[in-house]
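For reference, query_14.cif (mmCIF, C-alpha atoms and all ligand atoms):
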```cif
data_input
#
loop_
_atom_site.label_atom_id
_atom_site.label_comp_id
_atom_site.auth_asym_id
_atom_site.auth_seq_id
_atom_site.Cartn_x
_atom_site.Cartn_y
_atom_site.Cartn_z
CA MET V 1 -36.65 -7.83 3.70
CA THR V 2 -35.38 -11.38 3.85
CA ASN V 3 -32.52 -13.11 2.18
CA PRO V 4 -34.07 -16.17 0.42
CA ASN V 5 -31.65 -18.58 2.10
CA VAL V 6 -28.34 -16.78 2.20
CA VAL V 7 -27.93 -19.05 -0.75
CA VAL V 8 -29.42 -17.81 -4.00
CA SER V 9 -31.45 -20.71 -5.26
CA ASP V 10 -32.04 -19.92 -8.92
CA THR V 11 -31.91 -17.36 -11.64
CA GLN V 12 -35.13 -15.77 -10.48
CA SER V 13 -33.72 -15.21 -7.02
CA ALA V 14 -30.65 -13.72 -8.62
CA ILE V 15 -32.86 -11.34 -10.54
CA ALA V 16 -34.81 -10.57 -7.37
CA MET V 17 -31.57 -9.85 -5.60
CA ALA V 18 -30.45 -7.60 -8.41
CA LEU V 19 -33.70 -5.69 -8.05
CA THR V 20 -33.32 -5.47 -4.29
CA ALA V 21 -29.78 -4.29 -4.78
CA ALA V 22 -31.02 -1.64 -7.18
CA VAL V 23 -33.68 -0.55 -4.68
CA ASN V 24 -30.99 -0.35 -2.02
CA GLY V 25 -28.90 1.79 -4.29
CA VAL V 26 -26.37 -0.95 -4.88
CA SER V 27 -24.86 -0.66 -8.30
CA ASN V 28 -23.79 -3.59 -10.45
CA SER V 29 -22.26 -1.45 -13.16
CA PRO V 30 -18.86 -2.53 -14.47
CA PRO V 31 -16.03 -1.32 -12.23
CA CYS V 32 -12.89 0.59 -13.08
CA GLY V 33 -14.04 1.14 -16.65
CA TYR V 34 -13.52 -2.57 -17.01
CA PRO V 35 -15.82 -4.46 -19.35
CA TYR V 36 -16.48 -7.51 -17.15
CA ASN V 37 -20.09 -8.31 -16.55
CA LEU V 38 -20.72 -8.12 -12.83
CA THR V 39 -23.61 -10.52 -12.78
CA LEU V 40 -24.80 -11.88 -9.50
CA PHE V 41 -23.68 -15.26 -8.30
CA SER V 42 -25.96 -18.23 -8.69
CA LYS V 43 -26.49 -21.05 -6.23
CA SER V 44 -23.51 -23.11 -7.29
CA LYS V 45 -21.16 -20.41 -6.04
CA PHE V 46 -22.26 -20.78 -2.44
CA PRO V 47 -20.79 -23.28 -0.04
CA LYS V 48 -23.24 -26.13 -0.51
CA SER V 49 -22.59 -27.24 3.01
CA LEU V 50 -24.36 -24.19 4.38
CA GLU V 51 -27.44 -24.80 2.30
CA THR V 52 -28.56 -27.71 4.40
CA LYS V 53 -28.67 -28.64 8.02
CA ASN V 54 -26.67 -31.83 7.53
CA PHE V 55 -23.60 -30.27 9.11
CA ALA V 56 -21.35 -31.52 6.33
CA TRP V 57 -19.92 -28.04 6.34
CA VAL V 58 -18.34 -28.77 9.73
CA ASP V 59 -16.26 -31.50 8.06
CA ALA V 60 -15.31 -29.07 5.32
CA MET V 61 -14.31 -26.50 7.91
CA ARG V 62 -12.23 -29.08 9.78
CA ALA V 63 -10.57 -30.25 6.57
CA SER V 64 -9.81 -26.66 5.50
CA SER V 65 -7.01 -26.51 8.05
CA PRO V 66 -6.07 -29.99 9.17
CA THR V 67 -4.15 -30.38 12.38
CA ARG V 68 -0.88 -32.33 12.48
CA ASN V 69 -2.80 -35.47 13.57
CA SER V 70 -5.65 -35.24 11.12
CA SER V 71 -3.33 -34.43 8.21
CA SER V 72 -1.94 -37.94 8.44
CA SER V 73 -5.44 -39.38 7.94
CA SER V 74 -5.15 -39.60 4.12
CA SER V 75 -3.47 -42.85 3.17
CA SER V 76 0.02 -42.74 1.72
CA GLU V 77 -1.48 -44.21 -1.46
CA ASP V 78 -3.87 -41.24 -1.71
CA LYS V 79 -0.99 -38.86 -1.14
CA LYS V 80 1.13 -40.53 -3.82
CA ALA V 81 -1.73 -40.43 -6.33
CA TRP V 82 -2.38 -36.77 -5.54
CA ILE V 83 1.24 -35.76 -5.90
CA MET V 84 1.40 -37.59 -9.25
CA LYS V 85 -1.55 -35.48 -10.36
CA HIS V 86 -0.18 -32.22 -8.86
CA PRO V 87 3.62 -32.61 -8.83
CA SER V 88 5.79 -30.50 -6.58
CA ALA V 89 6.62 -27.22 -8.33
CA LEU V 90 10.14 -27.60 -6.93
CA GLY V 91 10.51 -31.11 -8.34
CA VAL V 92 9.45 -30.04 -11.84
CA PHE V 93 10.94 -26.55 -11.70
CA GLU V 94 12.88 -26.92 -14.97
CA GLU V 95 9.74 -28.11 -16.76
CA ILE V 96 7.81 -25.07 -15.51
CA MET V 97 10.54 -22.70 -16.58
CA SER V 98 10.85 -24.26 -20.02
CA ALA V 99 7.31 -22.93 -20.62
CA ALA V 100 8.56 -19.46 -19.62
CA LYS V 101 11.10 -19.10 -22.45
CA MET V 102 10.55 -15.80 -24.33
CA LYS V 103 7.58 -15.03 -22.12
CA GLN V 104 6.98 -12.48 -19.39
CA VAL V 105 6.42 -14.32 -16.13
CA VAL V 106 3.88 -12.58 -13.88
CA ILE V 107 3.67 -13.72 -10.27
CA PHE V 108 0.49 -13.77 -8.15
CA LEU V 109 0.83 -14.63 -4.46
CA ASP V 110 -1.83 -15.25 -1.89
CA TYR V 111 -0.82 -14.13 1.62
CA ASP V 112 -2.11 -16.26 4.53
CA GLY V 113 -0.91 -19.85 4.34
CA THR V 114 1.24 -19.01 1.32
CA LEU V 115 3.66 -16.27 2.38
CA SER V 116 2.94 -16.58 6.09
CA PRO V 117 2.19 -19.72 8.07
CA ILE V 118 -1.34 -20.18 9.40
CA VAL V 119 -1.48 -19.06 13.04
CA GLU V 120 -4.22 -18.86 15.68
CA ASP V 121 -4.37 -15.06 15.81
CA PRO V 122 -4.94 -13.37 12.41
CA ASP V 123 -3.21 -10.21 13.68
CA GLN V 124 0.00 -12.17 14.27
CA ALA V 125 0.35 -13.70 10.79
CA TYR V 126 3.77 -12.21 10.12
CA MET V 127 5.90 -12.97 7.14
CA ALA V 128 9.49 -14.09 7.78
CA PRO V 129 12.15 -11.50 6.78
CA GLN V 130 13.70 -14.08 4.39
CA MET V 131 10.32 -14.48 2.70
CA ARG V 132 10.03 -10.69 2.31
CA GLU V 133 13.49 -10.66 0.76
CA ALA V 134 12.51 -13.46 -1.64
CA VAL V 135 9.35 -11.58 -2.73
CA LYS V 136 11.34 -8.35 -3.09
CA ASN V 137 13.85 -10.08 -5.38
CA VAL V 138 11.11 -11.71 -7.44
CA ALA V 139 9.51 -8.28 -7.99
CA LYS V 140 12.81 -6.97 -9.41
CA TYR V 141 12.40 -9.30 -12.38
CA PHE V 142 8.69 -10.04 -12.68
CA PRO V 143 5.53 -7.99 -12.14
CA THR V 144 4.28 -9.32 -8.80
CA ALA V 145 0.89 -9.08 -7.12
CA ILE V 146 -0.36 -10.05 -3.68
CA VAL V 147 -3.95 -11.31 -3.89
CA SER V 148 -5.51 -11.64 -0.45
CA GLY V 149 -8.78 -11.95 1.42
CA ARG V 150 -7.49 -9.35 3.84
CA CYS V 151 -8.12 -5.67 3.26
CA ARG V 152 -5.43 -4.03 1.19
CA ALA V 153 -4.06 -1.83 3.98
CA LYS V 154 -3.68 -4.78 6.32
CA VAL V 155 -1.93 -7.05 3.84
CA TYR V 156 0.34 -4.14 2.83
CA ASN V 157 1.30 -3.68 6.49
CA PHE V 158 2.41 -7.30 6.64
CA VAL V 159 4.29 -7.33 3.31
CA ARG V 160 5.59 -3.74 3.22
CA LEU V 161 6.91 -3.75 -0.35
CA SER V 162 5.81 -0.72 -2.36
CA GLU V 163 6.86 -2.20 -5.70
CA LEU V 164 4.05 -4.79 -5.74
CA TYR V 165 0.45 -4.76 -6.93
CA TYR V 166 -1.99 -5.42 -4.10
CA ALA V 167 -5.44 -6.94 -4.55
CA GLY V 168 -7.10 -6.93 -1.12
CA SER V 169 -10.59 -8.05 -0.03
CA HIS V 170 -10.46 -11.08 -2.36
CA GLY V 171 -9.56 -8.89 -5.31
CA MET V 172 -12.23 -6.23 -4.69
CA ASP V 173 -9.63 -3.56 -3.94
CA ILE V 174 -6.74 -3.47 -6.40
CA LYS V 175 -3.95 -0.92 -6.49
CA GLY V 176 -0.81 -0.71 -8.57
CA PRO V 177 2.66 -0.14 -7.14
CA SER V 178 3.75 3.28 -5.96
CA ALA V 179 7.29 2.43 -7.06
CA ARG V 180 7.47 1.83 -10.82
CA LYS V 181 9.49 -1.25 -11.77
CA HIS V 182 8.11 -2.70 -14.99
CA GLN V 183 7.53 -0.55 -18.06
CA LYS V 184 4.68 -2.33 -19.85
CA GLY V 185 1.04 -1.57 -19.10
CA ASN V 186 -0.73 0.85 -16.82
CA GLN V 187 0.56 1.01 -13.27
CA ASN V 188 -1.78 3.74 -12.04
CA VAL V 189 -4.21 1.01 -11.31
CA LEU V 190 -7.08 1.37 -8.89
CA CYS V 191 -10.06 -0.95 -9.04
CA GLN V 192 -12.81 -1.17 -6.43
CA PRO V 193 -15.76 -2.97 -8.00
CA ALA V 194 -17.66 -3.22 -4.69
CA LYS V 195 -17.32 0.42 -3.69
CA ASP V 196 -21.09 0.91 -3.35
CA PHE V 197 -21.19 -1.82 -0.72
CA LEU V 198 -18.94 -0.02 1.76
CA PRO V 199 -21.72 1.42 3.99
CA THR V 200 -23.42 -2.00 4.10
CA MET V 201 -20.19 -3.78 5.00
CA ALA V 202 -19.54 -1.32 7.84
CA GLU V 203 -23.08 -1.78 9.13
CA VAL V 204 -22.94 -5.59 8.98
CA TYR V 205 -19.55 -5.57 10.71
CA GLY V 206 -21.11 -3.76 13.70
CA ILE V 207 -24.06 -6.17 13.81
CA LEU V 208 -21.81 -9.25 13.56
CA LEU V 209 -19.61 -7.99 16.41
CA GLU V 210 -22.69 -7.69 18.58
CA LYS V 211 -24.24 -11.03 17.53
CA THR V 212 -21.09 -13.10 18.00
CA LYS V 213 -20.09 -11.54 21.33
CA GLY V 214 -21.32 -14.47 23.41
CA ILE V 215 -19.23 -17.09 21.59
CA VAL V 216 -15.83 -17.64 23.16
CA GLY V 217 -13.00 -17.32 20.65
CA ALA V 218 -15.14 -15.89 17.83
CA ASN V 219 -13.49 -13.02 16.02
CA VAL V 220 -14.92 -10.80 13.32
CA GLU V 221 -12.34 -9.19 11.07
CA ASN V 222 -13.17 -6.12 9.03
CA ASN V 223 -11.60 -6.49 5.61
CA LYS V 224 -13.33 -3.40 4.25
CA PHE V 225 -15.11 -4.90 1.19
CA CYS V 226 -15.62 -8.22 2.96
CA LEU V 227 -15.77 -9.53 6.50
CA SER V 228 -14.22 -12.64 8.05
CA VAL V 229 -15.77 -14.53 10.93
CA HIS V 230 -13.02 -16.68 12.43
CA PHE V 231 -13.76 -20.14 13.86
CA ARG V 232 -10.18 -21.22 14.61
CA ARG V 233 -10.30 -20.35 18.31
CA VAL V 234 -13.92 -21.40 18.81
CA GLU V 235 -14.64 -24.82 20.32
CA GLU V 236 -16.03 -27.14 17.68
CA LYS V 237 -19.24 -27.69 19.64
CA SER V 238 -20.07 -23.98 19.12
CA TRP V 239 -19.40 -23.89 15.37
CA ASN V 240 -23.03 -24.47 14.39
CA ASP V 241 -24.21 -21.82 16.79
CA LEU V 242 -21.72 -19.33 15.35
CA ALA V 243 -22.63 -20.18 11.75
CA ASP V 244 -26.35 -19.83 12.58
CA ARG V 245 -25.76 -16.39 14.07
CA VAL V 246 -23.89 -15.28 10.96
CA LYS V 247 -26.63 -16.63 8.70
CA SER V 248 -29.32 -14.92 10.77
CA VAL V 249 -27.63 -11.57 10.18
CA LEU V 250 -27.33 -12.19 6.45
CA LYS V 251 -31.06 -12.91 6.12
CA ASP V 252 -31.56 -9.15 6.10
CA TYR V 253 -28.85 -8.54 3.51
CA PRO V 254 -29.69 -10.29 0.25
CA GLU V 255 -26.95 -8.33 -1.46
CA LEU V 256 -24.34 -10.24 0.55
CA ARG V 257 -23.18 -13.84 0.30
CA LEU V 258 -21.18 -16.31 2.37
CA THR V 259 -18.11 -18.26 1.37
CA GLN V 260 -15.98 -20.63 3.40
CA GLY V 261 -12.22 -20.49 3.89
CA ARG V 262 -9.73 -22.00 6.32
CA LYS V 263 -11.69 -22.04 9.57
CA VAL V 264 -13.36 -18.85 8.51
CA LEU V 265 -16.70 -17.78 7.03
CA GLU V 266 -16.45 -14.80 4.75
CA ILE V 267 -19.18 -12.32 3.95
CA ARG V 268 -18.92 -10.55 0.64
CA PRO V 269 -20.98 -8.50 -1.78
CA THR V 270 -22.95 -10.56 -4.27
CA ILE V 271 -21.09 -9.40 -7.31
CA LYS V 272 -19.30 -11.72 -9.65
CA TRP V 273 -15.84 -10.66 -8.68
CA ASP V 274 -13.23 -12.89 -7.12
CA LYS V 275 -9.51 -13.64 -7.17
CA GLY V 276 -9.88 -14.99 -10.72
CA LYS V 277 -11.38 -11.73 -11.95
CA ALA V 278 -8.64 -9.84 -10.11
CA LEU V 279 -6.00 -11.92 -11.92
CA GLU V 280 -7.61 -11.17 -15.30
CA PHE V 281 -7.89 -7.49 -14.44
CA LEU V 282 -4.24 -7.31 -13.44
CA LEU V 283 -3.06 -9.10 -16.57
CA GLU V 284 -5.05 -6.61 -18.63
CA SER V 285 -3.62 -3.67 -16.67
CA LEU V 286 -0.15 -5.02 -17.33
CA GLY V 287 -0.90 -5.09 -21.06
CA TYR V 288 -1.25 -8.88 -21.37
CA ALA V 289 -5.01 -9.27 -21.85
CA ASN V 290 -4.84 -11.30 -25.04
CA SER V 291 -1.13 -11.85 -25.21
CA LYS V 292 0.55 -15.18 -25.84
CA ASP V 293 3.78 -13.78 -24.46
CA VAL V 294 2.89 -14.06 -20.82
CA LEU V 295 3.17 -16.84 -18.26
CA PRO V 296 1.14 -16.11 -15.13
CA ILE V 297 2.00 -18.18 -12.06
CA TYR V 298 -0.47 -18.06 -9.17
CA ILE V 299 0.42 -19.56 -5.78
CA GLY V 300 -2.24 -19.98 -3.09
CA ASP V 301 -3.52 -22.32 -0.39
CA ASP V 302 -7.19 -21.51 -0.01
CA ARG V 303 -10.53 -22.34 -1.61
CA THR V 304 -10.78 -18.73 -2.75
CA ASP V 305 -7.58 -19.22 -4.77
CA GLU V 306 -9.35 -21.88 -6.84
CA ASP V 307 -11.12 -19.08 -8.76
CA ALA V 308 -7.72 -17.91 -9.99
CA PHE V 309 -6.53 -21.47 -10.75
CA LYS V 310 -9.69 -21.96 -12.82
CA VAL V 311 -9.03 -18.81 -14.83
CA LEU V 312 -5.52 -20.03 -15.68
CA ARG V 313 -6.87 -23.44 -16.75
CA LYS V 314 -9.49 -21.74 -18.91
CA ARG V 315 -6.91 -19.46 -20.53
CA GLY V 316 -4.67 -22.49 -21.11
CA GLN V 317 -1.92 -20.20 -19.96
CA GLY V 318 0.31 -20.25 -16.90
CA PHE V 319 0.09 -22.43 -13.83
CA GLY V 320 -1.70 -22.59 -10.52
CA ILE V 321 0.29 -23.92 -7.60
CA LEU V 322 -1.61 -25.11 -4.52
CA VAL V 323 0.11 -24.87 -1.16
CA SER V 324 -1.01 -27.92 0.79
CA LYS V 325 0.43 -30.80 2.75
CA VAL V 326 -2.68 -32.89 2.23
CA PRO V 327 -4.50 -34.01 -0.91
CA LYS V 328 -7.23 -31.51 -1.82
CA GLU V 329 -9.56 -31.17 -4.78
CA THR V 330 -7.94 -28.43 -6.84
CA GLU V 331 -7.71 -26.81 -10.25
CA ALA V 332 -4.04 -26.09 -9.62
CA THR V 333 -1.48 -27.86 -11.79
CA TYR V 334 1.31 -28.13 -9.25
CA SER V 335 1.74 -28.16 -5.49
CA LEU V 336 4.04 -26.95 -2.75
CA GLN V 337 3.77 -28.18 0.81
CA GLU V 338 4.14 -25.04 2.90
CA PRO V 339 5.34 -21.42 2.90
CA SER V 340 9.00 -22.47 3.28
CA GLU V 341 8.69 -24.30 -0.07
CA VAL V 342 7.02 -21.23 -1.58
CA MET V 343 10.11 -19.27 -0.52
CA GLN V 344 12.44 -21.81 -2.13
CA PHE V 345 10.38 -21.66 -5.33
CA LEU V 346 10.61 -17.84 -5.41
CA GLN V 347 14.37 -17.99 -4.78
CA ARG V 348 14.80 -20.46 -7.65
CA LEU V 349 12.79 -18.20 -9.95
CA VAL V 350 15.20 -15.37 -9.25
CA ALA V 351 18.26 -17.60 -9.75
CA TRP V 352 16.76 -18.87 -13.03
CA LYS V 353 16.16 -15.31 -14.30
CA ARG V 354 19.68 -14.24 -13.35
CA SER V 355 21.20 -17.20 -15.19
CA VAL V 356 19.06 -16.46 -18.29
CA GLN V 357 20.30 -12.85 -18.20
CA ARG V 358 23.94 -13.94 -17.74
CA ASN V 359 23.72 -16.23 -20.76
CA HIS V 360 22.43 -13.48 -23.05
O1 LIG V 401 -6.47 -14.78 0.81
P1 LIG V 401 -5.61 -14.90 2.02
O2 LIG V 401 -4.47 -13.93 2.05
O3 LIG V 401 -5.16 -16.32 2.26
O4 LIG V 401 -6.58 -14.50 3.21
C1 LIG V 401 -7.63 -15.40 3.63
C2 LIG V 401 -7.94 -15.13 5.07
O5 LIG V 401 -6.69 -15.22 5.74
C3 LIG V 401 -6.67 -14.89 7.13
O6 LIG V 401 -7.27 -15.97 7.85
C4 LIG V 401 -6.54 -17.18 7.75
O7 LIG V 401 -5.22 -16.99 8.34
C5 LIG V 401 -5.25 -16.67 9.76
C6 LIG V 401 -3.81 -16.38 10.19
O8 LIG V 401 -2.96 -17.44 9.90
C7 LIG V 401 -5.89 -17.84 10.51
O9 LIG V 401 -5.93 -17.56 11.91
C8 LIG V 401 -7.31 -18.07 9.96
O10 LIG V 401 -7.88 -19.21 10.58
C9 LIG V 401 -7.28 -18.29 8.45
O11 LIG V 401 -8.58 -18.38 7.92
C10 LIG V 401 -7.32 -13.57 7.39
O12 LIG V 401 -7.38 -13.36 8.79
C11 LIG V 401 -8.69 -13.48 6.76
O13 LIG V 401 -9.20 -12.17 6.92
C12 LIG V 401 -8.51 -13.72 5.27
O14 LIG V 401 -9.74 -13.61 4.59
#
```

Would you write out, as structure tokens, the structure that this file holds?
Ligand SMILES: O=P(O)(O)OC[C@H]1O[C@H](O[C@H]2O[C@H](CO)[C@@H](O)[C@H](O)[C@H]2O)[C@H](O)[C@@H](O)[C@@H]1O
Amino acid sequence: MTNPNVVVSDTQSAIAMALTAAVNGVSNSPPCGYPYNLTLFSKSKFPKSLETKNFAWVDAMRASSPTRNSSSSSSSEDKKAWIMKHPSALGVFEEIMSAAKMKQVVIFLDYDGTLSPIVEDPDQAYMAPQMREAVKNVAKYFPTAIVSGRCRAKVYNFVRLSELYYAGSHGMDIKGPSARKHQKGNQNVLCQPAKDFLPTMAEVYGILLEKTKGIVGANVENNKFCLSVHFRRVEEKSWNDLADRVKSVLKDYPELRLTQGRKVLEIRPTIKWDKGKALEFLLESLGYANSKDVLPIYIGDDRTDEDAFKVLRKRGQGFGILVSKVPKETEATYSLQEPSEVMQFLQRLVAWKRSVQRNH
């Protein structure tokens, strides 16, 4: 059994993959009683850079997490133009909140690079106590969800707030809060659209550990419904070797696909489920599927967050806020530079809500 190219090239391949998945006992039936169509991804969803041998993906990987030196490589003109297009959410805070009048604000927060700074060791990506306090306060007033590439248990261990919704494994593992805060909607939420893939993910995790052993600094992280192969501590001259090893494993697993994050390659089931679908699912669970009375705000720093930004654009509702110090192609409306600005934004949200309540 071979994976056509780790990258599904056309509709026919997608159908072939669906058949293979069926043969392998992999179900594509709608999850959680939820009526989304879990069709397989087509070619455009794969990192183009990995389709060819032109190594452009190395540039993309480098740019995904620019160092202090390389981040100054965009010209100040570029930066100015970008910030005009994606103004600071702190600078236009009042404008954002004027859209929130008479609406229920719902907050979606990515974890790494948004609530915690990016660090070398993924196990050390702690959140500052002040940030935890800010998120805790936000959740007192607004339904709040953490949407992360990490597995749910791991991201919960970092955040440790039981009143939040958690969508781990890029939204493939969603659970409502154990502590009930907001009355509307269903909070006994559990959604695991990729459940049937668990044995495969465990198997591939073992194989990847073995295959990547020889590469200094390589680290494979088990995120339950997806796997992360970290490049951050690998010397750049070994990046192609590492990527080739990952791809060679995936050749035997057509039901899995590769995506690229910040110095990380991620392996996930080939179902059409991402952070955008998780956002839609959560809004529906909260009782706001077709409501005009809701203002979702999604804050994230990664390529995987773009799926959620796109959903907000398509709904014409709410705002995406990209956390980045450097200009990046994004569907987000606004920007924030780093986690400390995210914290300030969350604190201002709370102050705004308190002043609205005082004036009523
Ligand atoms: O969706 P997120 O919450 O942003 O998770 C995406 C990945 O984040 C983590 O990796 C990233 O952060 C690490 C710690 O700062 C950093 O070392 C790594 O280079 C980044 O890619 C996490 O370890 C991955 O499992 C997540 O998928």

Ligand LIG 401 (chain V) neighbours within 9 Å using all atoms listed in the file, as a ChimeraX atom specification: /V:64-65,109-126,146-151,155,168-170,220-223,226-233,260-266,275,300-305

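Between CA of Asp59 in chain V and CA of Gly320 in chain V there is a distance of 25.2 Å.
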
Closest of V:Ile321, V:Ala81, V:Leu295, V:Met172 to Leu336 in chain V - atom-to-atom distances counting all atoms listed in the file: V:Ile321

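We find CA of Ile297 in chain V and CA of Met343 in chain V to be spaced 14.1 Å apart.
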
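The closest residue to Leu164 in chain V, picked from V:Leu282, V:Glu235, V:Ala194, V:Phe225 and counting only C-alpha atoms, is V:Leu282.
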
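For the residues V:Lys292, V:Lys328, V:Arg62, V:Arg358, ranking by smallest atom-to-atom distance to Trp82 in chain V using only C-alpha atoms places V:Lys328 first.
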
With only C-alpha atoms as the counted atoms, please give the residues lying no more than 6 Å from Pro177 in chain V, apart from itself and same-chain residues fewer than 3 positions off, as a tab-separated table (two decimals) with C-alpha atoms, in the coordinates of the input.
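Result went into part.tsv, see below:
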```tsv
chain	number	residue	atom	x	y	z
V	162	SER	CA	5.81	-0.72	-2.36
V	163	GLU	CA	6.86	-2.20	-5.70
V	164	LEU	CA	4.05	-4.79	-5.74
V	165	TYR	CA	0.45	-4.76	-6.93
```

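Between CA of Asn219 in chain V and CA of Met131 in chain V there is a distance of 27.3 Å.
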
Kindly output range 297-316 of chain V as a PDB file, in the coordinates of the input, after building N, CA and C atoms.
```
ATOM      1  N   ILE V 297       1.875 -17.102 -13.061  1.00  0.00           N
ATOM      2  CA  ILE V 297       2.000 -18.180 -12.060  1.00  0.00           C
ATOM      3  C   ILE V 297       1.303 -17.696 -10.798  1.00  0.00           C
ATOM      4  N   TYR V 298       0.307 -18.454 -10.347  1.00  0.00           N
ATOM      5  CA  TYR V 298      -0.470 -18.060  -9.170  1.00  0.00           C
ATOM      6  C   TYR V 298      -0.259 -19.102  -8.065  1.00  0.00           C
ATOM      7  N   ILE V 299       0.179 -18.629  -6.893  1.00  0.00           N
ATOM      8  CA  ILE V 299       0.420 -19.560  -5.780  1.00  0.00           C
ATOM      9  C   ILE V 299      -0.526 -19.229  -4.625  1.00  0.00           C
ATOM     10  N   GLY V 300      -1.294 -20.220  -4.184  1.00  0.00           N
ATOM     11  CA  GLY V 300      -2.240 -19.980  -3.090  1.00  0.00           C
ATOM     12  C   GLY V 300      -2.640 -21.268  -2.397  1.00  0.00           C
ATOM     13  N   ASP V 301      -3.211 -21.121  -1.197  1.00  0.00           N
ATOM     14  CA  ASP V 301      -3.520 -22.320  -0.390  1.00  0.00           C
ATOM     15  C   ASP V 301      -4.999 -22.509  -0.118  1.00  0.00           C
ATOM     16  N   ASP V 302      -5.826 -21.563  -0.523  1.00  0.00           N
ATOM     17  CA  ASP V 302      -7.190 -21.510  -0.010  1.00  0.00           C
ATOM     18  C   ASP V 302      -8.219 -21.829  -1.084  1.00  0.00           C
ATOM     19  N   ARG V 303      -9.449 -22.105  -0.634  1.00  0.00           N
ATOM     20  CA  ARG V 303     -10.530 -22.340  -1.610  1.00  0.00           C
ATOM     21  C   ARG V 303     -10.742 -21.131  -2.506  1.00  0.00           C
ATOM     22  N   THR V 304     -10.552 -19.943  -1.954  1.00  0.00           N
ATOM     23  CA  THR V 304     -10.780 -18.730  -2.750  1.00  0.00           C
ATOM     24  C   THR V 304      -9.745 -18.601  -3.874  1.00  0.00           C
ATOM     25  N   ASP V 305      -8.603 -19.268  -3.715  1.00  0.00           N
ATOM     26  CA  ASP V 305      -7.580 -19.220  -4.770  1.00  0.00           C
ATOM     27  C   ASP V 305      -7.969 -20.084  -5.969  1.00  0.00           C
ATOM     28  N   GLU V 306      -8.912 -20.998  -5.740  1.00  0.00           N
ATOM     29  CA  GLU V 306      -9.350 -21.880  -6.840  1.00  0.00           C
ATOM     30  C   GLU V 306      -9.933 -21.068  -8.003  1.00  0.00           C
ATOM     31  N   ASP V 307     -10.559 -19.910  -7.685  1.00  0.00           N
ATOM     32  CA  ASP V 307     -11.120 -19.080  -8.760  1.00  0.00           C
ATOM     33  C   ASP V 307     -10.015 -18.623  -9.715  1.00  0.00           C
ATOM     34  N   ALA V 308      -8.851 -18.334  -9.148  1.00  0.00           N
ATOM     35  CA  ALA V 308      -7.720 -17.910  -9.990  1.00  0.00           C
ATOM     36  C   ALA V 308      -7.137 -19.115 -10.745  1.00  0.00           C
ATOM     37  N   PHE V 309      -7.043 -20.267 -10.062  1.00  0.00           N
ATOM     38  CA  PHE V 309      -6.530 -21.470 -10.750  1.00  0.00           C
ATOM     39  C   PHE V 309      -7.421 -21.797 -11.958  1.00  0.00           C
ATOM     40  N   LYS V 310      -8.742 -21.645 -11.741  1.00  0.00           N
ATOM     41  CA  LYS V 310      -9.690 -21.960 -12.820  1.00  0.00           C
ATOM     42  C   LYS V 310      -9.471 -21.051 -14.024  1.00  0.00           C
ATOM     43  N   VAL V 311      -9.247 -19.770 -13.737  1.00  0.00           N
ATOM     44  CA  VAL V 311      -9.030 -18.810 -14.830  1.00  0.00           C
ATOM     45  C   VAL V 311      -7.802 -19.223 -15.644  1.00  0.00           C
ATOM     46  N   LEU V 312      -6.740 -19.634 -14.962  1.00  0.00           N
ATOM     47  CA  LEU V 312      -5.520 -20.030 -15.680  1.00  0.00           C
ATOM     48  C   LEU V 312      -5.781 -21.265 -16.535  1.00  0.00           C
ATOM     49  N   ARG V 313      -6.512 -22.235 -15.976  1.00  0.00           N
ATOM     50  CA  ARG V 313      -6.870 -23.440 -16.750  1.00  0.00           C
ATOM     51  C   ARG V 313      -7.644 -23.050 -17.998  1.00  0.00           C
ATOM     52  N   LYS V 314      -8.622 -22.143 -17.804  1.00  0.00           N
ATOM     53  CA  LYS V 314      -9.490 -21.740 -18.910  1.00  0.00           C
ATOM     54  C   LYS V 314      -8.690 -21.013 -19.993  1.00  0.00           C
ATOM     55  N   ARG V 315      -7.750 -20.178 -19.558  1.00  0.00           N
ATOM     56  CA  ARG V 315      -6.910 -19.460 -20.530  1.00  0.00           C
ATOM     57  C   ARG V 315      -5.931 -20.400 -21.212  1.00  0.00           C
ATOM     58  N   GLY V 316      -5.683 -21.562 -20.590  1.00  0.00           N
ATOM     59  CA  GLY V 316      -4.670 -22.490 -21.110  1.00  0.00           C
ATOM     60  C   GLY V 316      -3.306 -21.827 -21.056  1.00  0.00           C
TER      61      GLY V 316
END
```
